>>> print(open('model04.pdb').read())   # PDB, C-alpha atoms
ATOM      1  CA  MET A   1    -103.627  45.316 -27.455
ATOM      2  CA  GLU A   2    -105.206  45.510 -24.058
ATOM      3  CA  VAL A   3    -105.755  49.030 -22.676
ATOM      4  CA  LEU A   4    -106.475  49.662 -19.001
ATOM      5  CA  ASN A   5    -107.045  52.740 -16.881
ATOM      6  CA  VAL A   6    -105.916  51.855 -13.358
ATOM      7  CA  THR A   7    -103.162  52.980 -11.037
ATOM      8  CA  ARG A   8    -101.972  49.423 -10.322
ATOM      9  CA  LEU A   9    -102.187  46.896 -13.145
ATOM     10  CA  PRO A  10    -103.052  43.395 -11.909
ATOM     11  CA  GLU A  11    -100.735  41.913 -14.501
ATOM     12  CA  PHE A  12     -98.565  42.595 -17.541
ATOM     13  CA  ILE A  13     -98.321  40.752 -20.848
ATOM     14  CA  LEU A  14     -94.859  39.772 -22.052
ATOM     15  CA  LEU A  15     -93.797  39.348 -25.665
ATOM     16  CA  ARG A  16     -92.666  35.997 -26.965
ATOM     17  CA  LEU A  17     -89.390  35.475 -28.792
ATOM     18  CA  SER A  18     -91.466  34.314 -31.752
ATOM     19  CA  SER A  19     -95.155  34.768 -32.483
ATOM     20  CA  LEU A  20     -95.318  31.647 -34.673
ATOM     21  CA  PRO A  21     -96.988  28.671 -32.898
ATOM     22  CA  GLU A  22     -94.708  26.140 -34.619
ATOM     23  CA  ASP A  23     -91.623  27.863 -33.122
ATOM     24  CA  GLN A  24     -92.695  27.505 -29.493
ATOM     25  CA  LYS A  25     -91.696  23.874 -28.851
ATOM     26  CA  PRO A  26     -88.298  24.087 -30.625
ATOM     27  CA  LEU A  27     -87.527  27.291 -28.701
ATOM     28  CA  PHE A  28     -88.614  25.612 -25.474
ATOM     29  CA  VAL A  29     -86.209  22.713 -26.098
ATOM     30  CA  LEU A  30     -83.400  25.140 -27.027
ATOM     31  CA  PHE A  31     -83.790  27.325 -23.933
ATOM     32  CA  LEU A  32     -84.266  24.328 -21.645
ATOM     33  CA  THR A  33     -81.003  22.872 -22.975
ATOM     34  CA  ILE A  34     -79.199  26.190 -22.459
ATOM     35  CA  TYR A  35     -80.615  26.480 -18.939
ATOM     36  CA  LEU A  36     -79.565  22.946 -17.960
ATOM     37  CA  LEU A  37     -76.081  23.467 -19.417
ATOM     38  CA  THR A  38     -75.785  26.735 -17.470
ATOM     39  CA  LEU A  39     -76.800  25.072 -14.208
ATOM     40  CA  MET A  40     -74.561  22.041 -14.724
ATOM     41  CA  GLY A  41     -71.502  24.000 -15.934
ATOM     42  CA  ASN A  42     -71.556  26.614 -13.174
ATOM     43  CA  LEU A  43     -72.395  24.054 -10.484
ATOM     44  CA  LEU A  44     -69.417  21.913 -11.569
ATOM     45  CA  ILE A  45     -67.134  24.943 -11.286
ATOM     46  CA  ILE A  46     -68.380  25.645  -7.744
ATOM     47  CA  LEU A  47     -67.975  21.988  -6.689
ATOM     48  CA  ALA A  48     -64.525  21.714  -8.286
ATOM     49  CA  ILE A  49     -63.265  24.865  -6.538
ATOM     50  CA  ARG A  50     -64.759  23.969  -3.146
ATOM     51  CA  SER A  51     -63.424  20.409  -3.219
ATOM     52  CA  ASP A  52     -59.852  21.146  -4.380
ATOM     53  CA  PRO A  53     -57.436  22.549  -1.751
ATOM     54  CA  GLN A  54     -55.107  23.797  -4.512
ATOM     55  CA  LEU A  55     -57.839  26.159  -5.776
ATOM     56  CA  GLN A  56     -58.337  27.903  -2.441
ATOM     57  CA  ASN A  57     -57.040  31.289  -3.584
ATOM     58  CA  PRO A  58     -58.706  34.678  -4.276
ATOM     59  CA  MET A  59     -59.121  34.190  -8.045
ATOM     60  CA  TYR A  60     -61.070  30.949  -7.714
ATOM     61  CA  PHE A  61     -62.883  32.191  -4.615
ATOM     62  CA  LEU A  62     -64.320  35.054  -6.687
ATOM     63  CA  LEU A  63     -64.922  32.766  -9.688
ATOM     64  CA  SER A  64     -67.070  30.440  -7.567
ATOM     65  CA  PHE A  65     -69.308  33.348  -6.560
ATOM     66  CA  LEU A  66     -69.464  34.542 -10.175
ATOM     67  CA  SER A  67     -70.759  31.084 -11.105
ATOM     68  CA  PHE A  68     -73.292  31.250  -8.263
ATOM     69  CA  ALA A  69     -74.508  34.672  -9.473
ATOM     70  CA  ASP A  70     -74.814  33.304 -13.034
ATOM     71  CA  ILE A  71     -76.956  30.397 -11.788
ATOM     72  CA  CYS A  72     -79.243  32.785  -9.884
ATOM     73  CA  TYR A  73     -79.445  35.296 -12.739
ATOM     74  CA  THR A  74     -80.385  32.654 -15.306
ATOM     75  CA  THR A  75     -82.924  31.134 -12.911
ATOM     76  CA  VAL A  76     -84.660  34.491 -12.563
ATOM     77  CA  VAL A  77     -85.009  34.907 -16.345
ATOM     78  CA  VAL A  78     -85.243  31.554 -18.124
ATOM     79  CA  PRO A  79     -87.969  29.587 -16.230
ATOM     80  CA  LYS A  80     -90.547  32.306 -16.950
ATOM     81  CA  ILE A  81     -89.566  32.275 -20.632
ATOM     82  CA  LEU A  82     -89.945  28.478 -20.684
ATOM     83  CA  THR A  83     -93.390  28.751 -19.083
ATOM     84  CA  ASN A  84     -94.516  31.272 -21.695
ATOM     85  CA  PHE A  85     -93.446  28.978 -24.531
ATOM     86  CA  LEU A  86     -95.947  26.345 -23.365
ATOM     87  CA  SER A  87     -98.776  28.524 -22.051
ATOM     88  CA  ASP A  88    -101.579  30.206 -23.976
ATOM     89  CA  THR A  89    -101.100  33.528 -22.155
ATOM     90  CA  GLU A  90     -97.790  35.263 -21.467
ATOM     91  CA  THR A  91     -98.896  37.156 -18.354
ATOM     92  CA  ILE A  92     -96.888  38.137 -15.296
ATOM     93  CA  SER A  93     -98.402  39.686 -12.182
ATOM     94  CA  TYR A  94     -97.452  43.181 -11.015
ATOM     95  CA  ALA A  95     -95.725  41.858  -7.872
ATOM     96  CA  GLU A  96     -93.935  39.136  -9.825
ATOM     97  CA  CYS A  97     -92.765  41.707 -12.374
ATOM     98  CA  LEU A  98     -91.246  43.967  -9.709
ATOM     99  CA  THR A  99     -89.628  40.938  -8.067
ATOM    100  CA  GLN A 100     -88.106  39.884 -11.381
ATOM    101  CA  VAL A 101     -86.799  43.419 -12.013
ATOM    102  CA  TYR A 102     -85.159  43.442  -8.575
ATOM    103  CA  PHE A 103     -83.360  40.114  -8.888
ATOM    104  CA  ILE A 104     -82.407  40.627 -12.546
ATOM    105  CA  HIS A 105     -80.645  43.893 -11.736
ATOM    106  CA  ALA A 106     -79.208  42.600  -8.460
ATOM    107  CA  PHE A 107     -77.541  39.564 -10.057
ATOM    108  CA  GLU A 108     -76.683  41.398 -13.277
ATOM    109  CA  ASN A 109     -74.810  44.100 -11.356
ATOM    110  CA  MET A 110     -73.344  41.433  -9.075
ATOM    111  CA  ASP A 111     -71.737  39.863 -12.154
ATOM    112  CA  SER A 112     -70.373  43.274 -13.102
ATOM    113  CA  TYR A 113     -68.844  43.974  -9.677
ATOM    114  CA  LEU A 114     -67.414  40.450  -9.376
ATOM    115  CA  LEU A 115     -65.721  40.852 -12.769
ATOM    116  CA  ALA A 116     -64.211  44.098 -11.462
ATOM    117  CA  ALA A 117     -63.052  42.330  -8.281
ATOM    118  CA  MET A 118     -61.419  39.624 -10.398
ATOM    119  CA  ALA A 119     -59.621  42.324 -12.432
ATOM    120  CA  ILE A 120     -58.276  43.790  -9.164
ATOM    121  CA  ASP A 121     -57.044  40.316  -8.212
ATOM    122  CA  HIS A 122     -55.228  39.955 -11.563
ATOM    123  CA  TYR A 123     -53.703  43.412 -11.082
ATOM    124  CA  ALA A 124     -52.418  42.489  -7.617
ATOM    125  CA  ALA A 125     -51.027  39.145  -8.840
ATOM    126  CA  ILE A 126     -49.165  40.571 -11.854
ATOM    127  CA  CYS A 127     -48.194  44.084 -10.757
ATOM    128  CA  ASN A 128     -47.394  43.317  -7.105
ATOM    129  CA  PRO A 129     -46.509  39.591  -7.008
ATOM    130  CA  PHE A 130     -44.323  39.843  -3.900
ATOM    131  CA  HIS A 131     -47.104  41.520  -1.899
ATOM    132  CA  TYR A 132     -49.967  39.511  -3.435
ATOM    133  CA  VAL A 133     -50.516  37.209  -0.451
ATOM    134  CA  THR A 134     -50.754  40.107   1.994
ATOM    135  CA  ALA A 135     -52.695  42.403  -0.375
ATOM    136  CA  MET A 136     -55.307  39.786  -1.340
ATOM    137  CA  ASN A 137     -55.716  38.197   2.083
ATOM    138  CA  HIS A 138     -58.946  36.629   3.353
ATOM    139  CA  ARG A 139     -60.179  39.915   4.821
ATOM    140  CA  CYS A 140     -59.658  41.760   1.522
ATOM    141  CA  CYS A 141     -61.447  38.992  -0.422
ATOM    142  CA  MET A 142     -64.409  39.125   1.943
ATOM    143  CA  LEU A 143     -64.590  42.920   1.633
ATOM    144  CA  LEU A 144     -64.599  42.654  -2.173
ATOM    145  CA  LEU A 145     -67.330  40.018  -1.971
ATOM    146  CA  VAL A 146     -69.498  42.036   0.443
ATOM    147  CA  PHE A 147     -69.031  45.118  -1.721
ATOM    148  CA  SER A 148     -69.944  43.125  -4.861
ATOM    149  CA  VAL A 149     -73.133  41.811  -3.246
ATOM    150  CA  ALA A 150     -74.364  44.762  -1.157
ATOM    151  CA  LEU A 151     -74.081  47.503  -3.789
ATOM    152  CA  PRO A 152     -75.999  45.632  -6.525
ATOM    153  CA  CYS A 153     -78.772  44.795  -4.048
ATOM    154  CA  LEU A 154     -79.076  48.477  -3.108
ATOM    155  CA  HIS A 155     -79.005  49.514  -6.791
ATOM    156  CA  ALA A 156     -81.829  47.096  -7.602
ATOM    157  CA  LEU A 157     -83.860  48.128  -4.554
ATOM    158  CA  LEU A 158     -83.704  51.800  -5.562
ATOM    159  CA  HIS A 159     -85.002  51.037  -9.064
ATOM    160  CA  VAL A 160     -87.865  48.890  -7.746
ATOM    161  CA  LEU A 161     -88.907  51.558  -5.219
ATOM    162  CA  LEU A 162     -88.986  54.178  -8.001
ATOM    163  CA  MET A 163     -91.017  51.856 -10.237
ATOM    164  CA  HIS A 164     -93.470  51.136  -7.423
ATOM    165  CA  GLN A 165     -94.455  54.828  -7.400
ATOM    166  CA  LEU A 166     -95.636  54.730 -11.020
ATOM    167  CA  THR A 167     -99.234  54.582 -12.170
ATOM    168  CA  PHE A 168    -100.370  52.840 -15.355
ATOM    169  CA  CYS A 169    -103.315  53.745 -17.556
ATOM    170  CA  GLU A 170    -102.387  52.564 -21.039
ATOM    171  CA  SER A 171    -101.340  49.271 -22.601
ATOM    172  CA  ASN A 172    -100.145  46.561 -20.223
ATOM    173  CA  VAL A 173     -98.061  44.873 -22.959
ATOM    174  CA  ILE A 174     -94.353  44.918 -22.085
ATOM    175  CA  HIS A 175     -92.225  45.025 -25.252
ATOM    176  CA  HIS A 176     -89.752  42.550 -23.855
ATOM    177  CA  PHE A 177     -89.696  38.840 -23.019
ATOM    178  CA  PHE A 178     -89.055  39.524 -19.317
ATOM    179  CA  CYS A 179     -89.692  42.438 -16.977
ATOM    180  CA  ASP A 180     -87.066  45.148 -17.237
ATOM    181  CA  ILE A 181     -86.957  48.790 -16.199
ATOM    182  CA  ASN A 182     -87.035  50.563 -19.576
ATOM    183  CA  PRO A 183     -90.032  48.742 -21.117
ATOM    184  CA  VAL A 184     -92.040  49.025 -17.879
ATOM    185  CA  LEU A 185     -91.300  52.767 -17.610
ATOM    186  CA  LYS A 186     -92.710  53.250 -21.098
ATOM    187  CA  LEU A 187     -96.094  51.913 -19.954
ATOM    188  CA  ALA A 188     -96.492  54.453 -17.139
ATOM    189  CA  CYS A 189     -98.878  57.389 -17.503
ATOM    190  CA  SER A 190     -97.457  59.215 -14.476
ATOM    191  CA  SER A 191     -94.191  61.132 -14.685
ATOM    192  CA  THR A 192     -91.198  58.872 -15.217
ATOM    193  CA  SER A 193     -88.595  61.633 -15.034
ATOM    194  CA  VAL A 194     -87.289  60.523 -11.619
ATOM    195  CA  GLY A 195     -87.086  56.895 -12.714
ATOM    196  CA  GLU A 196     -85.363  57.811 -15.973
ATOM    197  CA  LEU A 197     -82.947  60.094 -14.125
ATOM    198  CA  GLY A 198     -82.134  57.283 -11.685
ATOM    199  CA  LEU A 199     -81.653  54.866 -14.569
ATOM    200  CA  MET A 200     -79.311  57.197 -16.454
ATOM    201  CA  THR A 201     -77.263  58.332 -13.428
ATOM    202  CA  GLU A 202     -77.210  55.693 -10.720
ATOM    203  CA  GLY A 203     -77.864  52.912 -13.234
ATOM    204  CA  LEU A 204     -75.104  54.179 -15.522
ATOM    205  CA  ALA A 205     -72.716  54.473 -12.584
ATOM    206  CA  SER A 206     -73.413  50.867 -11.525
ATOM    207  CA  VAL A 207     -72.167  49.688 -14.935
ATOM    208  CA  VAL A 208     -69.481  52.269 -15.728
ATOM    209  CA  THR A 209     -67.764  52.152 -12.297
ATOM    210  CA  PRO A 210     -66.877  48.426 -12.430
ATOM    211  CA  LEU A 211     -65.987  48.725 -16.133
ATOM    212  CA  ALA A 212     -63.661  51.657 -15.397
ATOM    213  CA  CYS A 213     -62.058  49.616 -12.616
ATOM    214  CA  ILE A 214     -61.475  46.762 -15.077
ATOM    215  CA  VAL A 215     -60.011  49.080 -17.750
ATOM    216  CA  ILE A 216     -57.652  50.799 -15.287
ATOM    217  CA  SER A 217     -56.525  47.441 -13.849
ATOM    218  CA  TYR A 218     -55.699  46.059 -17.289
ATOM    219  CA  LEU A 219     -53.917  49.227 -18.370
ATOM    220  CA  ARG A 220     -51.656  48.844 -15.323
ATOM    221  CA  ILE A 221     -51.248  45.137 -16.123
ATOM    222  CA  LEU A 222     -50.320  45.957 -19.738
ATOM    223  CA  ILE A 223     -47.683  48.458 -18.618
ATOM    224  CA  THR A 224     -46.217  45.872 -16.221
ATOM    225  CA  VAL A 225     -46.228  43.093 -18.838
ATOM    226  CA  LEU A 226     -44.458  45.300 -21.409
ATOM    227  CA  ARG A 227     -41.636  45.769 -18.885
ATOM    228  CA  ILE A 228     -41.059  42.012 -18.565
ATOM    229  CA  PRO A 229     -37.908  41.265 -20.601
ATOM    230  CA  SER A 230     -38.628  37.688 -21.702
ATOM    231  CA  ALA A 231     -41.373  36.627 -24.106
ATOM    232  CA  ALA A 232     -42.088  33.564 -21.953
ATOM    233  CA  GLY A 233     -42.647  35.795 -18.923
ATOM    234  CA  LYS A 234     -45.055  37.976 -20.878
ATOM    235  CA  ARG A 235     -47.012  34.931 -22.086
ATOM    236  CA  LYS A 236     -47.191  33.507 -18.576
ATOM    237  CA  ALA A 237     -48.472  36.801 -17.153
ATOM    238  CA  LEU A 238     -51.081  37.270 -19.878
ATOM    239  CA  SER A 239     -52.241  33.642 -19.763
ATOM    240  CA  THR A 240     -53.786  34.232 -16.332
ATOM    241  CA  CYS A 241     -55.996  36.982 -17.798
ATOM    242  CA  ILE A 242     -57.167  35.380 -21.070
ATOM    243  CA  SER A 243     -60.389  33.879 -19.711
ATOM    244  CA  HIS A 244     -61.351  37.060 -17.883
ATOM    245  CA  LEU A 245     -60.540  39.215 -20.936
ATOM    246  CA  THR A 246     -62.821  36.975 -23.028
ATOM    247  CA  VAL A 247     -65.784  37.264 -20.653
ATOM    248  CA  VAL A 248     -65.574  41.041 -20.069
ATOM    249  CA  PRO A 249     -66.274  42.258 -23.658
ATOM    250  CA  LEU A 250     -68.923  39.556 -24.118
ATOM    251  CA  PHE A 251     -70.748  40.689 -20.965
ATOM    252  CA  TYR A 252     -70.359  44.470 -21.237
ATOM    253  CA  GLY A 253     -70.679  44.692 -25.012
ATOM    254  CA  SER A 254     -74.107  43.071 -25.057
ATOM    255  CA  ILE A 255     -75.418  44.710 -21.880
ATOM    256  CA  ILE A 256     -74.436  48.244 -22.925
ATOM    257  CA  SER A 257     -75.914  47.826 -26.403
ATOM    258  CA  VAL A 258     -79.334  47.036 -24.876
ATOM    259  CA  CYS A 259     -79.531  48.819 -21.534
ATOM    260  CA  PHE A 260     -78.641  52.278 -22.812
ATOM    261  CA  ARG A 261     -80.948  52.222 -25.818
ATOM    262  CA  GLY A 262     -84.677  52.785 -25.929
ATOM    263  CA  LEU A 263     -86.757  49.632 -26.062
ATOM    264  CA  SER A 264     -89.916  51.187 -27.500
ATOM    265  CA  SER A 265     -89.102  49.621 -30.849
ATOM    266  CA  TYR A 266     -87.700  46.228 -29.951
ATOM    267  CA  THR A 267     -85.878  44.859 -33.014
ATOM    268  CA  VAL A 268     -84.454  41.429 -33.788
ATOM    269  CA  LYS A 269     -80.954  42.809 -33.110
ATOM    270  CA  ASP A 270     -82.066  43.913 -29.630
ATOM    271  CA  ARG A 271     -83.510  40.464 -28.935
ATOM    272  CA  ILE A 272     -80.238  38.791 -29.931
ATOM    273  CA  ALA A 273     -78.180  41.157 -27.741
ATOM    274  CA  THR A 274     -80.550  40.591 -24.801
ATOM    275  CA  ILE A 275     -80.317  36.816 -25.192
ATOM    276  CA  ILE A 276     -76.502  37.085 -25.187
ATOM    277  CA  TYR A 277     -76.250  38.943 -21.884
ATOM    278  CA  ALA A 278     -79.272  37.339 -20.210
ATOM    279  CA  VAL A 279     -78.756  33.709 -21.214
ATOM    280  CA  LEU A 280     -75.701  32.848 -23.315
ATOM    281  CA  THR A 281     -73.011  34.621 -21.244
ATOM    282  CA  SER A 282     -73.922  32.639 -18.133
ATOM    283  CA  MET A 283     -73.783  29.403 -20.145
ATOM    284  CA  LEU A 284     -70.455  30.214 -21.824
ATOM    285  CA  ASN A 285     -68.616  31.344 -18.668
ATOM    286  CA  PRO A 286     -67.874  27.783 -17.417
ATOM    287  CA  PHE A 287     -66.468  26.792 -20.825
ATOM    288  CA  ILE A 288     -64.367  29.962 -21.099
ATOM    289  CA  TYR A 289     -62.888  29.563 -17.608
ATOM    290  CA  THR A 290     -62.055  25.863 -18.045
ATOM    291  CA  LEU A 291     -60.894  25.437 -21.676
ATOM    292  CA  ARG A 292     -57.632  27.391 -21.195
ATOM    293  CA  ASN A 293     -57.186  26.810 -17.469
ATOM    294  CA  LYS A 294     -55.049  23.777 -16.565
ATOM    295  CA  ASP A 295     -55.889  24.016 -12.851
ATOM    296  CA  MET A 296     -59.641  23.947 -13.528
ATOM    297  CA  LYS A 297     -59.259  21.059 -15.996
ATOM    298  CA  ARG A 298     -57.265  19.086 -13.427
ATOM    299  CA  SER A 299     -59.755  19.833 -10.655
ATOM    300  CA  LEU A 300     -62.743  18.897 -12.840
ATOM    301  CA  GLY A 301     -60.967  15.657 -13.778
ATOM    302  CA  LYS A 302     -60.464  14.838 -10.099
ATOM    303  CA  LEU A 303     -64.100  15.685  -9.361
ATOM    304  CA  GLN A 304     -65.252  13.460 -12.225
ATOM    305  CA  GLY A 305     -63.052  10.646 -10.886
ATOM    306  CA  ARG A 306     -64.543  10.981  -7.401
ATOM    307  CA  ILE A 307     -68.068  10.930  -8.812
ATOM    308  CA  LYS A 308     -67.314   7.805 -10.878
ATOM    309  CA  SER A 309     -65.710   6.027  -7.936
ATOM    310  CA  GLU A 310     -68.682   6.876  -5.740
ATOM    311  CA  MET A 311     -71.075   5.544  -8.381
ATOM    312  CA  ASN A 312     -68.989   2.378  -8.761
ATOM    313  CA  ARG A 313     -68.960   1.954  -4.989
ATOM    314  CA  LEU A 314     -72.749   2.152  -4.870
ATOM    315  CA  SER A 315     -73.332  -0.112  -7.885
ATOM    316  CA  PRO A 316     -72.171  -3.404  -6.280
ATOM    317  CA  THR A 317     -74.299  -2.622  -3.213
ATOM    318  CA  LYS A 318     -77.356  -2.249  -5.411
ATOM    319  CA  SER A 319     -76.470  -5.442  -7.246
ATOM    320  CA  ILE A 320     -76.157  -7.394  -3.995
ATOM    321  CA  LYS A 321     -79.479  -6.046  -2.765
ATOM    322  CA  ILE A 322     -81.179  -7.013  -6.003
ATOM    323  CA  HIS A 323     -79.827 -10.579  -6.091
ATOM    324  CA  LYS A 324     -80.100 -11.210  -2.375
ATOM    325  CA  PRO A 325     -82.438 -14.222  -1.771
TER
END
>>> encode(input="model04.pdb", output="structure tokens")
Amino acid sequence: MEVLNVTRLPEFILLRLSSLPEDQKPLFVLFLTIYLLTLMGNLLIILAIRSDPQLQNPMYFLLSFLSFADICYTTVVVPKILTNFLSDTETISYAECLTQVYFIHAFENMDSYLLAAMAIDHYAAICNPFHYVTAMNHRCCMLLLVFSVALPCLHALLHVLLMHQLTFCESNVIHHFFCDINPVLKLACSSTSVGELGLMTEGLASVVTPLACIVISYLRILITVLRIPSAAGKRKALSTCISHLTVVPLFYGSIISVCFRGLSSYTVKDRIATIIYAVLTSMLNPFIYTLRNKDMKRSLGKLQGRIKSEMNRLSPTKSIKIHKP
């Protein structure tokens, strides 16, 4: 363990997912595969929504930005993990660590607020179907989007500014495989009371507020669905929420289990929970939102057809150029 006595550490040392040398390459291949699947799946959702006129509605508008946030969030976390698998030292500079903390919390909270915005959209569609078009107009969608982007950025900025005031004079080993607020706070030798207070109040509010919005929206939806007389009507109403209801417990369950517990003793269970919310959720979202969604399946099929036709159109041109005397 490296011990320093400075106010600004030049760098931190991150933990690896496994300390065994023979595990590094298999883990690298695994995380690279997950990262590529995350990029490809979320990018396909964005392209399918943007290219299909029938998907130009609030639900898919918000879903496309959720996919964009997932791409950004995973890109902040995974490439550094991949680099550490192949390098001899798992160091990260002080500035790079603060930058990673900022973007991790910005995109993480962005996911949370976008999920809340999507719950509001489901509430408006099911509980007020006759006023849905006017309630969820373009202006309202843009306000929800701005709100979902601006607040997380301000949350993350506050945490980084509080962390920047800390001084460090003990170990520079972060008990985590990426920079996060709790493990970095535990390395500080100056008072962390303000940072911990901000984490437990403002940080808690940034998670609980969207979650409360989701819970209230679905309670209202449940009350409305129970009033529908026919079983077919109930199934149709609930079918629009299945994908969202699958993602919400996966996202919040894992994030709450890690973020509101101390990370001084980082167990295998904590590592698994962190991997779920930091890596796997972003990869699974495209599958969850397409497997039970006929509109997304149709749009992805059309996108695949356009890609194939474009490739077929270019293939004869290449062949002519190759065989041209």
>>> resolve_selection(input="model04.pdb", expression="the PyMOL selection byres ((chain A and resi 127) around 8)", output="PDB file with C-alpha atoms, in the coordinates of the input")
ATOM      1  CA  TYR A 123     -53.703  43.412 -11.082  1.00  0.00           C
ATOM      2  CA  ALA A 124     -52.418  42.489  -7.617  1.00  0.00           C
ATOM      3  CA  ALA A 125     -51.027  39.145  -8.840  1.00  0.00           C
ATOM      4  CA  ILE A 126     -49.165  40.571 -11.854  1.00  0.00           C
ATOM      5  CA  ASN A 128     -47.394  43.317  -7.105  1.00  0.00           C
ATOM      6  CA  PRO A 129     -46.509  39.591  -7.008  1.00  0.00           C
ATOM      7  CA  ARG A 220     -51.656  48.844 -15.323  1.00  0.00           C
ATOM      8  CA  ILE A 221     -51.248  45.137 -16.123  1.00  0.00           C
ATOM      9  CA  THR A 224     -46.217  45.872 -16.221  1.00  0.00           C
TER      10      THR A 224
END
>>> axis_aligned_box(input="model04.pdb", around="segment 210-223 of chain A", padding_each_side="3 Å", output="AutoDock Vina command-line options")
--center_x -57.3 --center_y 48.4 --center_z -16.1 --size_x 25.2 --size_y 12.5 --size_z 13.3
>>> closest_residue(input="model04.pdb", among="A:Glu90, A:Phe251, A:Thr74, A:Met311", to="His175 of chain A", atoms="all atoms listed in the file")
A:Glu90
>>> resolve_selection(input="model04.pdb", expression="the PyMOL selection byres ((chain A and resi 36-45) around 6)", output="list in words")
Thr33, Ile34, Tyr35, Ile46, Leu47, Ala48, Ser67, Ile71, Met283 and Pro286 of chain A
>>> residues_around(input="model04.pdb", residues="Val248 of chain A", least_positions_apart="5", cutoff="9 Å", atoms="all atoms listed in the file", output="list of chain:residue names")
A:Ser112, A:Leu115, A:Leu211, A:Ile214, A:Ser243, A:Gly253
>>> resolve_selection(input="model04.pdb", expression="the PyMOL selection byres ((chain A and resi 133-149) around 9)", output="PyMOL selection string")
chain A and resi 57-58+61-62+65+106-107+109-114+116-117+121+124-125+128-132+150-154
>>> closest_residue(input="model04.pdb", among="A:Glu96, A:Ile223, A:Leu245, A:Ile81", to="Leu30 of chain A", atoms="all atoms listed in the file")
A:Ile81
>>> residues_around(input="model04.pdb", residues="Phe12 of chain A", least_positions_apart="4", cutoff="6 Å", atoms="all atoms listed in the file", output="list in words")
Thr91, Ile92, Asn172 and Val173 of chain A
>>> write_last_selection(input="model04.pdb", atoms="C-alpha atoms", output="PDB file, keeping the file's coordinate frame")
ATOM      1  CA  THR A  91     -98.896  37.156 -18.354  1.00  0.00           C
ATOM      2  CA  ILE A  92     -96.888  38.137 -15.296  1.00  0.00           C
ATOM      3  CA  ASN A 172    -100.145  46.561 -20.223  1.00  0.00           C
ATOM      4  CA  VAL A 173     -98.061  44.873 -22.959  1.00  0.00           C
TER       5      VAL A 173
END
>>> closest_residue(input="model04.pdb", among="A:His105, A:Ile174, A:Ala119, A:Tyr289", to="Ile255 of chain A", atoms="only C-alpha atoms")
A:His105
>>> residues_near_point(input="model04.pdb", point="(-58.4, 35.5, -24.0)", cutoff="12 Å", atoms="all atoms listed in the file", output="short mmCIF file (atom, residue, chain, number, x, y, z; two decimals) with C-alpha atoms, in the frame of the given file")
data_model
loop_
_atom_site.label_atom_id
_atom_site.label_comp_id
_atom_site.auth_asym_id
_atom_site.auth_seq_id
_atom_site.Cartn_x
_atom_site.Cartn_y
_atom_site.Cartn_z
CA ARG A 235 -47.01 34.93 -22.09
CA LEU A 238 -51.08 37.27 -19.88
CA SER A 239 -52.24 33.64 -19.76
CA THR A 240 -53.79 34.23 -16.33
CA CYS A 241 -56.00 36.98 -17.80
CA ILE A 242 -57.17 35.38 -21.07
CA SER A 243 -60.39 33.88 -19.71
CA HIS A 244 -61.35 37.06 -17.88
CA LEU A 245 -60.54 39.22 -20.94
CA THR A 246 -62.82 36.98 -23.03
CA VAL A 247 -65.78 37.26 -20.65
CA VAL A 248 -65.57 41.04 -20.07
CA PRO A 249 -66.27 42.26 -23.66
CA LEU A 250 -68.92 39.56 -24.12
CA ILE A 288 -64.37 29.96 -21.10
CA TYR A 289 -62.89 29.56 -17.61
CA THR A 290 -62.06 25.86 -18.05
CA LEU A 291 -60.89 25.44 -21.68
CA ARG A 292 -57.63 27.39 -21.20
CA ASN A 293 -57.19 26.81 -17.47
#
>>> atom_distance(input="model04.pdb", atom1="atom CA of Lys25 of chain A", atom2="atom CA of Asp88 of chain A")
12.7 Å
>>> atom_distance(input="model04.pdb", atom1="atom CA of Pro10 of chain A", atom2="atom CA of Cys97 of chain A")
10.4 Å
>>> atom_distance(input="model04.pdb", atom1="atom CA of Leu166 of chain A", atom2="atom CA of Thr209 of chain A")
28.0 Å
>>> closest_residue(input="model04.pdb", among="A:Phe31, A:Tyr218, A:Tyr102, A:Phe178", to="Val77 of chain A", atoms="only C-alpha atoms")
A:Phe178
>>> closest_residue(input="model04.pdb", among="A:Leu303, A:Cys169, A:Val215, A:Leu204", to="Leu187 of chain A", atoms="only C-alpha atoms")
A:Cys169
>>> residues_around(input="model04.pdb", residues="Val76 of chain A", least_positions_apart="4", cutoff="9 Å", atoms="all atoms listed in the file", output="PyMOL selection string")
chain A and resi 71-72+80+100+103-104
>>> closest_residue(input="model04.pdb", among="A:Lys302, A:Thr201, A:Ser51, A:Phe168", to="Cys189 of chain A", atoms="only C-alpha atoms")
A:Phe168
>>> decode(input="model04.pdb", residues="segment 208-223 of chain A", atoms="C-alpha atoms", output="PDB file, in the first residue's frame")
ATOM      1  CA  VAL A 208     -35.294   9.373  -4.281  1.00  0.00           C
ATOM      2  CA  THR A 209     -37.091  12.225  -6.116  1.00  0.00           C
ATOM      3  CA  PRO A 210     -37.222  10.477  -9.525  1.00  0.00           C
ATOM      4  CA  LEU A 211     -38.003   7.142  -7.833  1.00  0.00           C
ATOM      5  CA  ALA A 212     -40.888   8.728  -5.907  1.00  0.00           C
ATOM      6  CA  CYS A 213     -42.170  10.219  -9.163  1.00  0.00           C
ATOM      7  CA  ILE A 214     -42.079   6.758 -10.759  1.00  0.00           C
ATOM      8  CA  VAL A 215     -43.861   5.110  -7.797  1.00  0.00           C
ATOM      9  CA  ILE A 216     -46.610   7.759  -7.688  1.00  0.00           C
ATOM     10  CA  SER A 217     -47.112   7.555 -11.473  1.00  0.00           C
ATOM     11  CA  TYR A 218     -47.510   3.779 -11.381  1.00  0.00           C
ATOM     12  CA  LEU A 219     -49.835   3.881  -8.387  1.00  0.00           C
ATOM     13  CA  ARG A 220     -52.098   6.212 -10.384  1.00  0.00           C
ATOM     14  CA  ILE A 221     -51.737   3.926 -13.416  1.00  0.00           C
ATOM     15  CA  LEU A 222     -52.660   0.878 -11.303  1.00  0.00           C
ATOM     16  CA  ILE A 223     -55.780   2.598  -9.974  1.00  0.00           C
TER      17      ILE A 223
END
